[in-house]
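What follows is the content of final-v1.txt, which has compact mmCIF, C-alpha atoms and all ligand atoms:
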```txt
# COMPACT_ATOMS: atom_id res chain seq x y z
CA MET A 1 125.99 173.46 146.63
CA ALA A 2 123.46 176.12 145.68
CA ASP A 3 122.65 174.66 142.30
CA PRO A 4 119.15 173.14 142.54
CA HIS A 5 120.00 170.53 139.93
CA ALA A 6 122.97 169.33 141.93
CA LEU A 7 121.06 169.35 145.22
CA GLU A 8 118.29 167.27 143.74
CA LEU A 9 120.80 164.85 142.26
CA ARG A 10 122.41 164.37 145.65
CA ASP A 11 119.04 163.57 147.22
CA ARG A 12 118.21 161.09 144.51
CA PHE A 13 121.62 159.49 144.85
CA ARG A 14 121.00 158.92 148.55
CA ARG A 15 117.55 157.51 147.91
CA ARG A 16 118.86 155.16 145.21
CA PHE A 17 122.11 153.97 146.78
CA GLY A 18 121.58 154.78 150.47
CA GLY A 19 124.12 156.36 152.83
CA THR A 20 125.99 159.63 152.32
CA GLY A 21 129.48 160.70 151.28
CA GLU A 22 128.86 161.16 147.55
CA ARG A 23 130.56 164.01 145.69
CA VAL A 24 128.99 165.93 142.81
CA PHE A 25 130.80 166.99 139.64
CA PHE A 26 129.77 168.96 136.56
CA ALA A 27 131.05 169.07 132.98
CA PRO A 28 129.67 171.58 130.47
CA GLY A 29 128.45 171.00 126.95
CA ARG A 30 129.87 173.06 124.12
CA VAL A 31 128.69 175.00 121.11
CA ASN A 32 131.15 174.96 118.24
CA LEU A 33 131.41 178.48 116.87
CA ILE A 34 133.28 177.30 113.78
CA GLY A 35 135.70 174.61 112.59
CA GLU A 36 133.43 171.67 111.79
CA HIS A 37 134.74 168.27 110.70
CA VAL A 38 138.31 169.53 110.64
CA ASP A 39 139.55 168.33 114.04
CA TYR A 40 140.30 164.81 112.81
CA HIS A 41 142.19 166.40 109.90
CA GLY A 42 144.48 168.39 112.17
CA GLY A 43 142.67 171.70 111.67
CA ALA A 44 142.02 174.41 114.24
CA VAL A 45 138.58 174.69 115.86
CA LEU A 46 136.86 177.38 117.88
CA PRO A 47 134.31 175.88 120.29
CA VAL A 48 132.78 177.47 123.40
CA ALA A 49 131.86 175.72 126.66
CA VAL A 50 128.34 176.59 127.82
CA GLU A 51 126.51 176.65 131.15
CA ARG A 52 124.38 173.59 130.39
CA GLY A 53 125.95 170.22 130.89
CA VAL A 54 126.14 166.93 132.76
CA PHE A 55 126.11 166.39 136.52
CA VAL A 56 127.32 163.22 138.19
CA ALA A 57 127.08 162.18 141.83
CA ALA A 58 129.83 159.67 142.56
CA ARG A 59 131.05 157.51 145.44
CA ILE A 60 133.68 154.80 145.71
CA ARG A 61 132.45 151.42 146.98
CA GLN A 62 134.21 149.12 149.41
CA ASP A 63 133.71 146.16 147.07
CA SER A 64 134.34 145.85 143.30
CA ARG A 65 130.78 146.44 142.08
CA VAL A 66 130.12 149.22 139.55
CA LEU A 67 126.65 150.78 139.44
CA VAL A 68 125.73 153.33 136.77
CA ALA A 69 122.35 155.04 136.40
CA SER A 70 120.86 158.24 135.07
CA GLU A 71 117.87 160.40 135.96
CA ASP A 72 117.26 160.89 132.24
CA CYS A 73 117.68 157.42 130.66
CA PRO A 74 116.19 154.09 131.74
CA GLU A 75 119.22 151.86 131.03
CA THR A 76 121.51 151.05 133.96
CA PHE A 77 124.71 149.06 134.49
CA ASP A 78 125.44 146.75 137.40
CA GLY A 79 128.58 144.63 137.13
CA ASP A 80 132.02 143.89 138.47
CA VAL A 81 134.85 146.34 137.84
CA SER A 82 136.92 143.52 136.35
CA ALA A 83 134.29 142.98 133.63
CA ILE A 84 133.60 146.50 132.40
CA ASP A 85 135.95 146.23 129.42
CA SER A 86 133.95 143.40 127.88
CA TRP A 87 130.59 145.18 128.12
CA SER A 88 129.30 146.52 124.81
CA ALA A 89 125.51 146.76 124.98
CA ASP A 90 123.89 149.52 122.96
CA SER A 91 123.18 151.93 125.80
CA TRP A 92 124.35 155.35 126.96
CA CYS A 93 126.18 153.49 129.78
CA ARG A 94 128.93 152.73 127.26
CA TYR A 95 130.19 156.29 127.77
CA PRO A 96 130.80 156.30 131.52
CA LEU A 97 132.14 152.75 131.28
CA ALA A 98 134.50 153.84 128.52
CA ALA A 99 135.81 156.59 130.82
CA LEU A 100 136.26 154.00 133.60
CA ASN A 101 138.16 151.76 131.19
CA ALA A 102 140.43 154.60 130.10
CA THR A 103 140.99 155.48 133.78
CA ALA A 104 141.83 151.83 134.52
CA GLU A 105 144.49 151.87 131.79
CA GLN A 106 146.43 154.36 133.86
CA GLY A 107 146.34 152.23 136.96
CA PRO A 108 144.02 149.34 137.80
CA LEU A 109 140.73 150.04 139.54
CA THR A 110 140.25 147.54 142.31
CA ARG A 111 137.26 149.11 143.98
CA GLY A 112 133.87 149.72 142.44
CA VAL A 113 131.96 152.97 142.20
CA GLU A 114 128.39 154.31 142.16
CA LEU A 115 127.61 156.93 139.52
CA LEU A 116 124.30 158.73 139.12
CA PHE A 117 124.00 161.15 136.19
CA SER A 118 121.63 163.91 135.33
CA GLY A 119 121.85 166.85 132.98
CA ASP A 120 120.30 169.86 131.33
CA LEU A 121 121.94 169.32 127.96
CA PRO A 122 119.93 167.63 125.20
CA MET A 123 121.53 164.35 124.13
CA GLY A 124 122.51 163.74 120.53
CA ALA A 125 121.85 167.37 119.62
CA GLY A 126 125.36 168.37 118.58
CA LEU A 127 126.20 170.03 121.91
CA ALA A 128 128.77 167.41 122.98
CA SER A 129 126.64 165.54 125.50
CA SER A 130 128.86 162.46 125.03
CA ALA A 131 132.04 164.37 125.76
CA ALA A 132 130.38 165.96 128.80
CA VAL A 133 129.51 162.49 130.19
CA LEU A 134 133.06 161.28 129.51
CA VAL A 135 134.77 164.30 131.06
CA ALA A 136 132.40 164.36 134.07
CA THR A 137 133.17 160.67 134.70
CA ALA A 138 136.89 161.15 134.16
CA LEU A 139 136.94 164.11 136.56
CA ALA A 140 134.94 162.22 139.20
CA MET A 141 137.26 159.19 139.00
CA ASP A 142 140.32 161.42 139.04
CA ARG A 143 139.18 163.23 142.17
CA LEU A 144 137.88 160.14 143.98
CA HIS A 145 141.17 158.34 143.35
CA GLN A 146 143.30 161.46 143.86
CA ARG A 147 145.11 161.14 140.58
CA ARG A 148 145.40 164.88 140.04
CA GLN A 149 145.42 165.05 136.27
CA SER A 150 145.36 168.39 134.51
CA ALA A 151 142.36 169.51 132.45
CA GLN A 152 144.22 168.67 129.24
CA GLU A 153 145.05 165.19 130.54
CA LEU A 154 141.37 164.65 131.33
CA ALA A 155 140.50 165.78 127.80
CA GLU A 156 142.97 163.26 126.35
CA LEU A 157 141.63 160.51 128.58
CA ALA A 158 138.05 161.26 127.49
CA HIS A 159 139.10 161.24 123.83
CA ARG A 160 140.84 157.87 124.25
CA ALA A 161 137.71 156.55 125.93
CA GLU A 162 135.49 157.56 123.02
CA THR A 163 137.78 156.35 120.24
CA GLN A 164 139.06 153.13 121.85
CA PHE A 165 136.16 151.98 123.96
CA VAL A 166 133.08 153.45 122.24
CA GLY A 167 134.51 153.11 118.73
CA VAL A 168 133.72 156.55 117.29
CA ARG A 169 136.59 157.88 115.14
CA CYS A 170 136.05 161.40 116.47
CA GLY A 171 138.61 164.15 116.85
CA ILE A 172 139.64 165.91 120.05
CA MET A 173 137.50 169.04 119.74
CA ASP A 174 134.65 168.14 122.09
CA HIS A 175 136.80 166.74 124.88
CA TYR A 176 139.10 169.77 124.77
CA ALA A 177 136.20 172.25 124.63
CA VAL A 178 134.44 170.61 127.57
CA ALA A 179 137.55 170.10 129.71
CA LEU A 180 139.24 173.45 128.97
CA GLY A 181 136.26 175.80 128.84
CA ARG A 182 136.65 179.14 130.52
CA ALA A 183 133.97 181.72 131.39
CA GLY A 184 133.86 184.55 128.87
CA HIS A 185 136.13 182.73 126.40
CA ALA A 186 136.05 180.48 123.39
CA VAL A 187 138.68 177.74 123.24
CA MET A 188 140.87 177.74 120.14
CA VAL A 189 142.32 174.26 119.73
CA ASP A 190 145.00 173.48 117.19
CA CYS A 191 144.20 169.82 116.70
CA LYS A 192 147.48 169.12 114.89
CA ASN A 193 149.77 169.81 117.81
CA ARG A 194 147.12 169.69 120.56
CA GLN A 195 147.83 173.23 121.68
CA TRP A 196 145.03 175.42 122.89
CA GLU A 197 144.35 178.99 123.83
CA ALA A 198 141.46 180.77 125.55
CA VAL A 199 140.10 183.46 123.22
CA PRO A 200 138.17 186.29 124.90
CA TRP A 201 134.53 186.69 123.89
CA ASP A 202 133.73 190.37 124.12
CA VAL A 203 130.97 190.65 126.73
CA SER A 204 129.34 193.47 124.82
CA GLY A 205 129.31 191.26 121.71
CA PRO A 206 126.45 189.05 120.54
CA GLU A 207 125.19 186.01 122.40
CA MET A 208 124.75 182.50 121.06
CA VAL A 209 121.18 181.52 120.30
CA VAL A 210 120.84 177.79 119.73
CA PHE A 211 117.81 176.32 117.93
CA ASP A 212 117.21 172.60 118.34
CA SER A 213 115.80 171.07 115.13
CA LEU A 214 114.54 168.14 117.24
CA ASP A 215 116.11 165.71 114.74
CA ARG A 216 118.36 163.31 116.59
CA ARG A 217 121.38 161.28 115.56
CA GLN A 218 124.06 159.22 117.25
CA LEU A 219 127.67 159.31 116.16
CA THR A 220 127.64 155.57 116.63
CA ASP A 221 125.09 155.17 113.82
CA GLY A 222 127.91 155.05 111.27
CA ARG A 223 127.38 158.16 109.16
CA TYR A 224 129.97 160.15 111.10
CA ASN A 225 132.59 157.42 110.66
CA GLN A 226 131.66 157.29 106.97
CA ARG A 227 132.48 160.99 106.51
CA VAL A 228 135.74 160.47 108.37
CA ALA A 229 136.60 157.58 106.03
CA GLU A 230 135.66 159.47 102.83
CA SER A 231 137.71 162.52 103.69
CA HIS A 232 140.68 160.40 104.82
CA ARG A 233 140.52 158.55 101.52
CA ALA A 234 140.67 161.89 99.72
CA PHE A 235 143.77 162.81 101.68
CA VAL A 236 145.50 159.47 101.03
CA LYS A 237 145.16 160.17 97.29
CA LEU A 238 146.26 163.80 97.60
CA LYS A 239 149.26 162.81 99.64
CA MET A 240 150.59 160.67 96.82
CA ARG A 241 151.25 163.92 94.95
CA LEU A 242 151.68 166.27 97.93
CA ALA A 243 154.20 164.29 99.96
CA HIS A 244 155.12 167.32 102.08
CA ARG A 245 151.60 167.52 103.56
CA THR A 246 150.92 165.48 106.67
CA TRP A 247 147.31 166.55 107.26
CA LEU A 248 144.42 167.39 104.95
CA SER A 249 144.04 170.68 106.84
CA GLU A 250 147.48 171.75 105.51
CA VAL A 251 146.48 171.42 101.86
CA THR A 252 145.81 174.80 100.24
CA ALA A 253 142.87 175.61 97.98
CA GLU A 254 145.28 175.96 95.02
CA GLU A 255 146.86 172.57 95.67
CA LEU A 256 143.45 170.96 95.91
CA GLU A 257 142.40 172.56 92.65
CA GLU A 258 145.57 171.34 90.90
CA GLN A 259 145.13 167.80 92.17
CA SER A 260 141.39 167.52 91.84
CA GLU A 261 141.60 165.16 88.86
CA SER A 262 142.95 162.45 91.12
CA LEU A 263 139.84 162.49 93.32
CA SER A 264 136.33 161.22 92.82
CA GLU A 265 133.54 163.79 92.83
CA VAL A 266 132.60 162.95 96.45
CA GLU A 267 136.22 163.01 97.66
CA ARG A 268 136.74 166.38 95.99
CA ARG A 269 133.81 167.89 97.83
CA ARG A 270 134.76 166.38 101.18
CA ALA A 271 138.30 167.74 100.83
CA ARG A 272 137.04 171.13 99.68
CA HIS A 273 134.97 171.48 102.81
CA VAL A 274 137.97 170.82 105.04
CA VAL A 275 140.30 173.13 103.13
CA THR A 276 137.83 176.02 103.05
CA GLU A 277 136.67 175.52 106.65
CA VAL A 278 140.25 175.86 107.85
CA GLU A 279 140.38 179.27 106.14
CA ARG A 280 137.09 180.31 107.72
CA VAL A 281 138.35 179.43 111.20
CA ALA A 282 141.40 181.67 110.71
CA ARG A 283 139.19 184.48 109.42
CA THR A 284 136.77 184.09 112.33
CA ARG A 285 139.60 184.10 114.87
CA ALA A 286 140.96 187.37 113.47
CA ALA A 287 137.49 188.93 113.28
CA LEU A 288 136.73 187.92 116.89
CA ALA A 289 139.82 189.76 118.08
CA ARG A 290 138.65 192.90 116.29
CA GLY A 291 135.00 192.57 117.28
CA GLU A 292 134.01 192.33 113.59
CA TRP A 293 130.81 190.38 114.12
CA GLN A 294 129.55 190.85 110.56
CA VAL A 295 132.62 189.01 109.34
CA VAL A 296 132.10 186.27 111.94
CA GLY A 297 128.47 185.97 110.80
CA ASP A 298 129.53 185.70 107.18
CA CYS A 299 131.96 182.90 108.05
CA LEU A 300 129.18 181.05 109.87
CA ALA A 301 126.86 181.28 106.88
CA ARG A 302 129.56 180.03 104.49
CA SER A 303 130.43 177.23 106.85
CA HIS A 304 126.83 176.04 106.85
CA GLN A 305 126.69 176.09 103.06
CA SER A 306 129.88 174.06 102.83
CA LEU A 307 128.66 171.53 105.41
CA ALA A 308 125.38 171.18 103.54
CA GLU A 309 126.71 170.98 99.98
CA ASP A 310 130.24 169.62 100.22
CA TYR A 311 130.27 167.57 103.42
CA GLU A 312 126.57 166.64 103.22
CA VAL A 313 125.89 166.51 106.93
CA SER A 314 122.93 168.88 107.05
CA THR A 315 119.21 168.06 107.07
CA ASP A 316 116.14 169.89 105.73
CA ARG A 317 115.35 171.20 109.20
CA LEU A 318 118.88 172.45 109.83
CA ASP A 319 118.99 174.14 106.42
CA PHE A 320 115.65 175.75 107.14
CA LEU A 321 116.68 177.03 110.57
CA ALA A 322 120.03 178.33 109.31
CA GLU A 323 118.45 180.11 106.35
CA VAL A 324 115.63 181.71 108.31
CA ALA A 325 117.91 182.75 111.18
CA LYS A 326 120.56 184.16 108.84
CA SER A 327 117.98 186.23 106.96
CA HIS A 328 116.53 187.69 110.16
CA ALA A 329 117.55 191.27 110.85
CA GLY A 330 118.58 190.33 114.41
CA ALA A 331 121.24 187.77 113.46
CA TYR A 332 124.80 188.16 112.25
CA GLY A 333 124.84 184.67 110.81
CA ALA A 334 123.86 181.08 111.51
CA ARG A 335 125.01 177.54 110.86
CA LEU A 336 124.57 173.99 112.06
CA THR A 337 126.83 173.26 114.99
CA GLY A 338 128.39 169.89 115.85
CA ALA A 339 128.58 166.82 113.66
CA GLY A 340 125.29 167.47 111.83
CA PHE A 341 122.82 164.79 110.64
CA GLY A 342 120.35 166.51 113.02
CA GLY A 343 120.86 168.53 116.18
CA CYS A 344 121.14 172.29 116.45
CA VAL A 345 121.70 175.53 114.59
CA LEU A 346 123.72 178.31 116.17
CA ALA A 347 122.85 181.95 115.45
CA LEU A 348 124.67 185.01 116.77
CA ALA A 349 122.49 187.91 117.86
CA ASP A 350 122.85 191.07 119.92
CA SER A 351 121.06 190.65 123.23
CA ASP A 352 118.39 193.26 122.53
CA LEU A 353 117.40 191.49 119.31
CA ALA A 354 117.65 187.90 120.50
CA GLU A 355 114.01 187.56 121.57
CA ALA A 356 112.73 188.91 118.25
CA LEU A 357 115.00 186.44 116.46
CA ILE A 358 113.74 183.55 118.58
CA HIS A 359 110.09 184.40 117.94
CA GLY A 360 110.59 185.00 114.25
CA VAL A 361 112.51 181.77 113.64
CA SER A 362 110.28 179.66 115.89
CA ASP A 363 107.11 180.86 114.13
CA MET A 364 108.51 180.05 110.72
CA PHE A 365 109.72 176.63 111.89
CA ARG A 366 106.32 175.83 113.39
CA GLY A 367 104.67 176.86 110.14
CA ALA A 368 106.93 174.56 108.14
CA TYR A 369 107.22 171.51 110.41
CA GLY A 370 104.44 171.80 112.99
CA ASP A 371 107.00 171.61 115.82
CA THR A 372 108.29 174.34 118.10
CA PRO A 373 112.10 174.22 118.24
CA ARG A 374 113.67 174.27 121.66
CA VAL A 375 115.82 177.37 122.02
CA TRP A 376 118.62 178.35 124.39
CA ARG A 377 120.42 181.65 124.81
CA LEU A 378 123.92 180.68 125.86
CA GLY A 379 127.09 182.41 126.94
CA ALA A 380 130.71 181.26 127.18
CA SER A 381 131.02 179.45 130.50
CA ALA A 382 133.41 177.71 132.84
CA GLY A 383 134.90 174.24 132.42
CA PRO A 384 134.34 171.10 134.52
CA ARG A 385 134.41 171.29 138.29
CA GLU A 386 133.46 169.70 141.54
CA LEU A 387 130.42 171.33 143.06
CA ALA A 388 131.54 172.01 146.60
CA GLU A 389 129.02 172.20 149.40
CA ASP A 390 128.16 175.87 149.39
CA HIS A 391 129.08 177.20 146.02
CA ARG A 392 128.62 176.15 142.51
CA GLU A 393 129.10 179.47 140.85
CA ASP A 394 132.75 179.87 141.67
CA ASP A 395 135.00 180.17 138.68
CA PRO A 396 135.92 177.23 136.58
CA GLY A 397 136.98 174.60 138.36
CA ARG A 398 140.20 176.63 137.74
CA LYS A 399 140.34 175.62 141.36
CA ALA A 400 139.47 172.04 140.69
CA VAL A 401 140.95 171.46 137.25
CA SER A 402 143.83 173.44 135.85
C1 LIG B 1 131.59 165.53 116.68
C2 LIG B 1 132.95 164.94 117.02
C3 LIG B 1 134.04 166.00 116.91
C4 LIG B 1 133.97 166.76 115.60
C5 LIG B 1 132.55 167.22 115.29
C6 LIG B 1 132.41 167.81 113.92
O1 LIG B 1 131.19 166.46 117.63
O2 LIG B 1 132.96 164.39 118.31
O3 LIG B 1 135.30 165.39 117.08
O4 LIG B 1 134.50 166.00 114.53
O5 LIG B 1 131.62 166.15 115.41
O6 LIG B 1 133.15 168.97 113.84
```

If you convert what's in this file into structure tokens, what do you get?
Ligand code: GLA
Amino acid sequence: MADPHALELRDRFRRRFGGTGERVFFAPGRVNLIGEHVDYHGGAVLPVAVERGVFVAARIRQDSRVLVASEDCPETFDGDVSAIDSWSADSWCRYPLAALNATAEQGPLTRGVELLFSGDLPMGAGLASSAAVLVATALAMDRLHQRRQSAQELAELAHRAETQFVGVRCGIMDHYAVALGRAGHAVMVDCKNRQWEAVPWDVSGPEMVVFDSLDRRQLTDGRYNQRVAESHRAFVKLKMRLAHRTWLSEVTAEELEEQSESLSEVERRRARHVVTEVERVARTRAALARGEWQVVGDCLARSHQSLAEDYEVSTDRLDFLAEVAKSHAGAYGARLTGAGFGGCVLALADSDLAEALIHGVSDMFRGAYGDTPRVWRLGASAGPRELAEDHREDDPGRKAVS
């Protein structure tokens, strides 16, 4: 277990809970390259798992007590396994408990567990920290109880946990990206039929530079669910005239134009974002295969504009970062990544120009807001895995999760 983060977590676990015998698991975060707010409309998305993520040290107990704690958050949980489904306090612990509840649906949990989390992924920043906690917990429970689910089954379990037990009406993108990540690849997920494919990311191509606006949001604060509701309402109206369409992502730009009278101004814009984003994902996918990074960059910039103007999920800081990064000579394009309402901007830059981009954008941001954005240079990394004693760097948990 060469990873210093994991080693430290193991030590802290032993100090907190005593004894030995814990196992350590890791689930990555993700950056969404493109395909924003289309997963819950059956669209395709193109996220990338990254090397930062969530670690959990886990051990089954002999009794039925469940103990949950984190190195990064003060709130803890201490209760009986039979009572976890009625617990709903406003704390990050809802996420691991939701994963335990979803695990229990598949077969009752009679014994308790100790879970200690830690991570190097910012929370609430649009990099799927929630999905990483859910998948890490699901993987730990799966391995501790020898249930042997596939990576896709773990993704589905994590999605059920978030929708049914946390109450966010999110799509499947984050759970699939986190659970199915593969080094050197993006993950193309067709959210309509839940099929996925690993898409090679040319190693000589640009890297992902992620700027954190330092604005935070929680999907549970209601604005995410509001966008979901508005765009679903638009589709319910469209469907009255387009009976052959089963998802908003299937509606074409021409159909939307023809039917736009039936929608309110807000519904029209929400639907337009989804319909045009679906086209941008297809264009990006094709451009990735040909290494046409200028085209990818152009799609990113258009995606940001659509998210800002039509879906209205951007903020001043995200607009600023996206605009400054996009205009910098070192970047192919930039856009907010994740749900929005705060969080991060993704820019694509060739490695030799990335540092100049980071300095240029950070200086401008400091000038405008007085804050220095946190910045990460990220590559496409492996999916979730158990960190075995002497190696963490081995390839994706392909061994552990397949
Ligand atoms: C969050 C949700 C995802 C997706 C994105 C926006 O990350 O969890 O399901 O809807 O927002 O694309």

Polymer residues at most 12 Å from Glu254 in chain A, only C-alpha atoms, same-chain spacing of 4 or more positions, as JSON, numbers by chain: {"A": [242, 250, 258, 259, 260, 272, 275, 276]}

Atoms kept (C-alpha atoms) for selection, written as a compact mmCIF listing (two decimals), keeping the file's coordinate frame:
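Written out: part25.txt:
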```txt
# COMPACT_ATOMS: atom_id res chain seq x y z
CA LEU A 242 151.68 166.27 97.93
CA GLU A 250 147.48 171.75 105.51
CA GLU A 258 145.57 171.34 90.90
CA GLN A 259 145.13 167.80 92.17
CA SER A 260 141.39 167.52 91.84
CA ARG A 272 137.04 171.13 99.68
CA VAL A 275 140.30 173.13 103.13
CA THR A 276 137.83 176.02 103.05
```

Two-atom distance - CA of Ile34 in chain A, CA of Glu156 in chain A (Å): 21.2 Å

Non-local contacts of Ser130 in chain A (8 Å; all atoms listed in the file; under 6 positions in same chain excluded) as a list in words: Tyr95, Met123 and Gly124 of chain A

Contact residues around Cys170 in chain A with all atoms listed in the file at 10 Å, ignoring same-chain residues under 6 positions, as a list of chain:residue names: A:His37, A:Asp39, A:Tyr40, A:His159, A:Arg160, A:Glu162, A:Thr163, A:Leu219, A:Tyr224, A:Asn225, A:Val228, A:Ala339

List every protein, DNA or RNA residue that has an atom no more than 8 Å from (137.1, 171.2, 126.7) in the file's coordinate frame, counting all atoms listed in the file, and report them as a PDB file with C-alpha atoms, in the frame of the given file.
```
ATOM      1  CA  ARG A  30     129.870 173.060 124.120  1.00  0.00           C
ATOM      2  CA  ALA A  49     131.860 175.720 126.660  1.00  0.00           C
ATOM      3  CA  ALA A 151     142.360 169.510 132.450  1.00  0.00           C
ATOM      4  CA  GLN A 152     144.220 168.670 129.240  1.00  0.00           C
ATOM      5  CA  ALA A 155     140.500 165.780 127.800  1.00  0.00           C
ATOM      6  CA  MET A 173     137.500 169.040 119.740  1.00  0.00           C
ATOM      7  CA  ASP A 174     134.650 168.140 122.090  1.00  0.00           C
ATOM      8  CA  HIS A 175     136.800 166.740 124.880  1.00  0.00           C
ATOM      9  CA  TYR A 176     139.100 169.770 124.770  1.00  0.00           C
ATOM     10  CA  ALA A 177     136.200 172.250 124.630  1.00  0.00           C
ATOM     11  CA  VAL A 178     134.440 170.610 127.570  1.00  0.00           C
ATOM     12  CA  ALA A 179     137.550 170.100 129.710  1.00  0.00           C
ATOM     13  CA  LEU A 180     139.240 173.450 128.970  1.00  0.00           C
ATOM     14  CA  GLY A 181     136.260 175.800 128.840  1.00  0.00           C
ATOM     15  CA  VAL A 187     138.680 177.740 123.240  1.00  0.00           C
ATOM     16  CA  GLY A 383     134.900 174.240 132.420  1.00  0.00           C
TER      17      GLY A 383
END
```

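Once Phe117 in chain A and its same-chain neighbours fewer than 4 positions away are set aside, Leu9, Val54, Phe55, Val56, Ala57, Ala69, Ser70, Glu71 and Asp72 of chain A remain within 8 Å of it when counting all atoms listed in the file.
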
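Minimum distance to Ala125 in chain A across A:Ala382, A:Val296, A:Leu214, A:Ala89 (counting all atoms listed in the file) occurs at A:Leu214.
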
Contact residues around Arg14 in chain A with only C-alpha atoms at 12 Å, ignoring same-chain residues under 3 positions, as a ChimeraX atom specification: /A:7-11,17-23,57-59,114-116

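Restricting the calculation to all atoms listed in the file, the smallest distance between ligand LIG 1 (chain B) and any of A:Leu134, A:Met364, A:Ala183, A:Val81 is found for A:Leu134.
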
Shortest interatomic distance to ligand LIG 1 (chain B) - which of A:Ser118, A:Ser362, A:Gln146, A:Ser314, counting only C-alpha atoms and all ligand atoms: A:Ser314

Work out where the centre of an axis-aligned box around every listed atom of ligand LIG 1 (chain B) lies and how long its edges are once 3 Å is added on each side; give both in Å to one decimal as AutoDock Vina command-line options.
```
--center_x 133.2 --center_y 166.7 --center_z 116.1 --size_x 10.1 --size_y 10.6 --size_z 10.5
```

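From CA of Val133 in chain A back to CA of Cys93 in chain A, the distance works out to 9.6 Å.
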
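With distances taken over all atoms listed in the file, A:Gly343 is the one residue among A:Pro28, A:Gly343, A:Gly297, A:Pro74 lying closest to ligand LIG 1 (chain B).
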
Your completed range 104-120 of chain A with N, CA and C atoms, as a tab-separated table (two decimals), in the coordinates of the input:
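Just written: out05.tsv:
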```
chain	number	residue	atom	x	y	z
A	104	ALA	N	141.19	153.07	134.06
A	104	ALA	CA	141.83	151.83	134.52
A	104	ALA	C	143.14	151.56	133.79
A	105	GLU	N	143.25	152.05	132.55
A	105	GLU	CA	144.49	151.87	131.79
A	105	GLU	C	145.67	152.55	132.48
A	106	GLN	N	145.35	153.61	133.21
A	106	GLN	CA	146.43	154.36	133.86
A	106	GLN	C	146.84	153.77	135.19
A	107	GLY	N	146.06	152.85	135.68
A	107	GLY	CA	146.34	152.23	136.96
A	107	GLY	C	145.09	151.47	137.32
A	108	PRO	N	145.19	150.19	137.63
A	108	PRO	CA	144.02	149.34	137.80
A	108	PRO	C	143.05	149.87	138.85
A	109	LEU	N	141.76	149.67	138.58
A	109	LEU	CA	140.73	150.04	139.54
A	109	LEU	C	140.36	148.77	140.29
A	110	THR	N	140.57	148.76	141.56
A	110	THR	CA	140.25	147.54	142.31
A	110	THR	C	138.90	147.68	143.01
A	111	ARG	N	138.54	148.91	143.30
A	111	ARG	CA	137.26	149.11	143.98
A	111	ARG	C	136.21	149.63	143.01
A	112	GLY	N	134.97	149.29	143.30
A	112	GLY	CA	133.87	149.72	142.44
A	112	GLY	C	133.46	151.16	142.73
A	113	VAL	N	132.39	151.59	142.05
A	113	VAL	CA	131.96	152.97	142.20
A	113	VAL	C	130.46	153.04	141.90
A	114	GLU	N	129.79	154.02	142.49
A	114	GLU	CA	128.39	154.31	142.16
A	114	GLU	C	128.35	155.65	141.45
A	115	LEU	N	127.69	155.69	140.30
A	115	LEU	CA	127.61	156.93	139.52
A	115	LEU	C	126.16	157.19	139.16
A	116	LEU	N	125.65	158.35	139.53
A	116	LEU	CA	124.30	158.73	139.12
A	116	LEU	C	124.38	160.04	138.33
A	117	PHE	N	123.89	159.99	137.09
A	117	PHE	CA	124.00	161.15	136.19
A	117	PHE	C	122.68	161.89	136.07
A	118	SER	N	122.80	163.12	135.68
A	118	SER	CA	121.63	163.91	135.33
A	118	SER	C	122.16	165.09	134.52
A	119	GLY	N	121.30	165.77	133.78
A	119	GLY	CA	121.85	166.85	132.98
A	119	GLY	C	120.78	167.79	132.47
A	120	ASP	N	121.24	168.95	131.96
A	120	ASP	CA	120.30	169.86	131.33
A	120	ASP	C	120.78	170.19	129.92
```
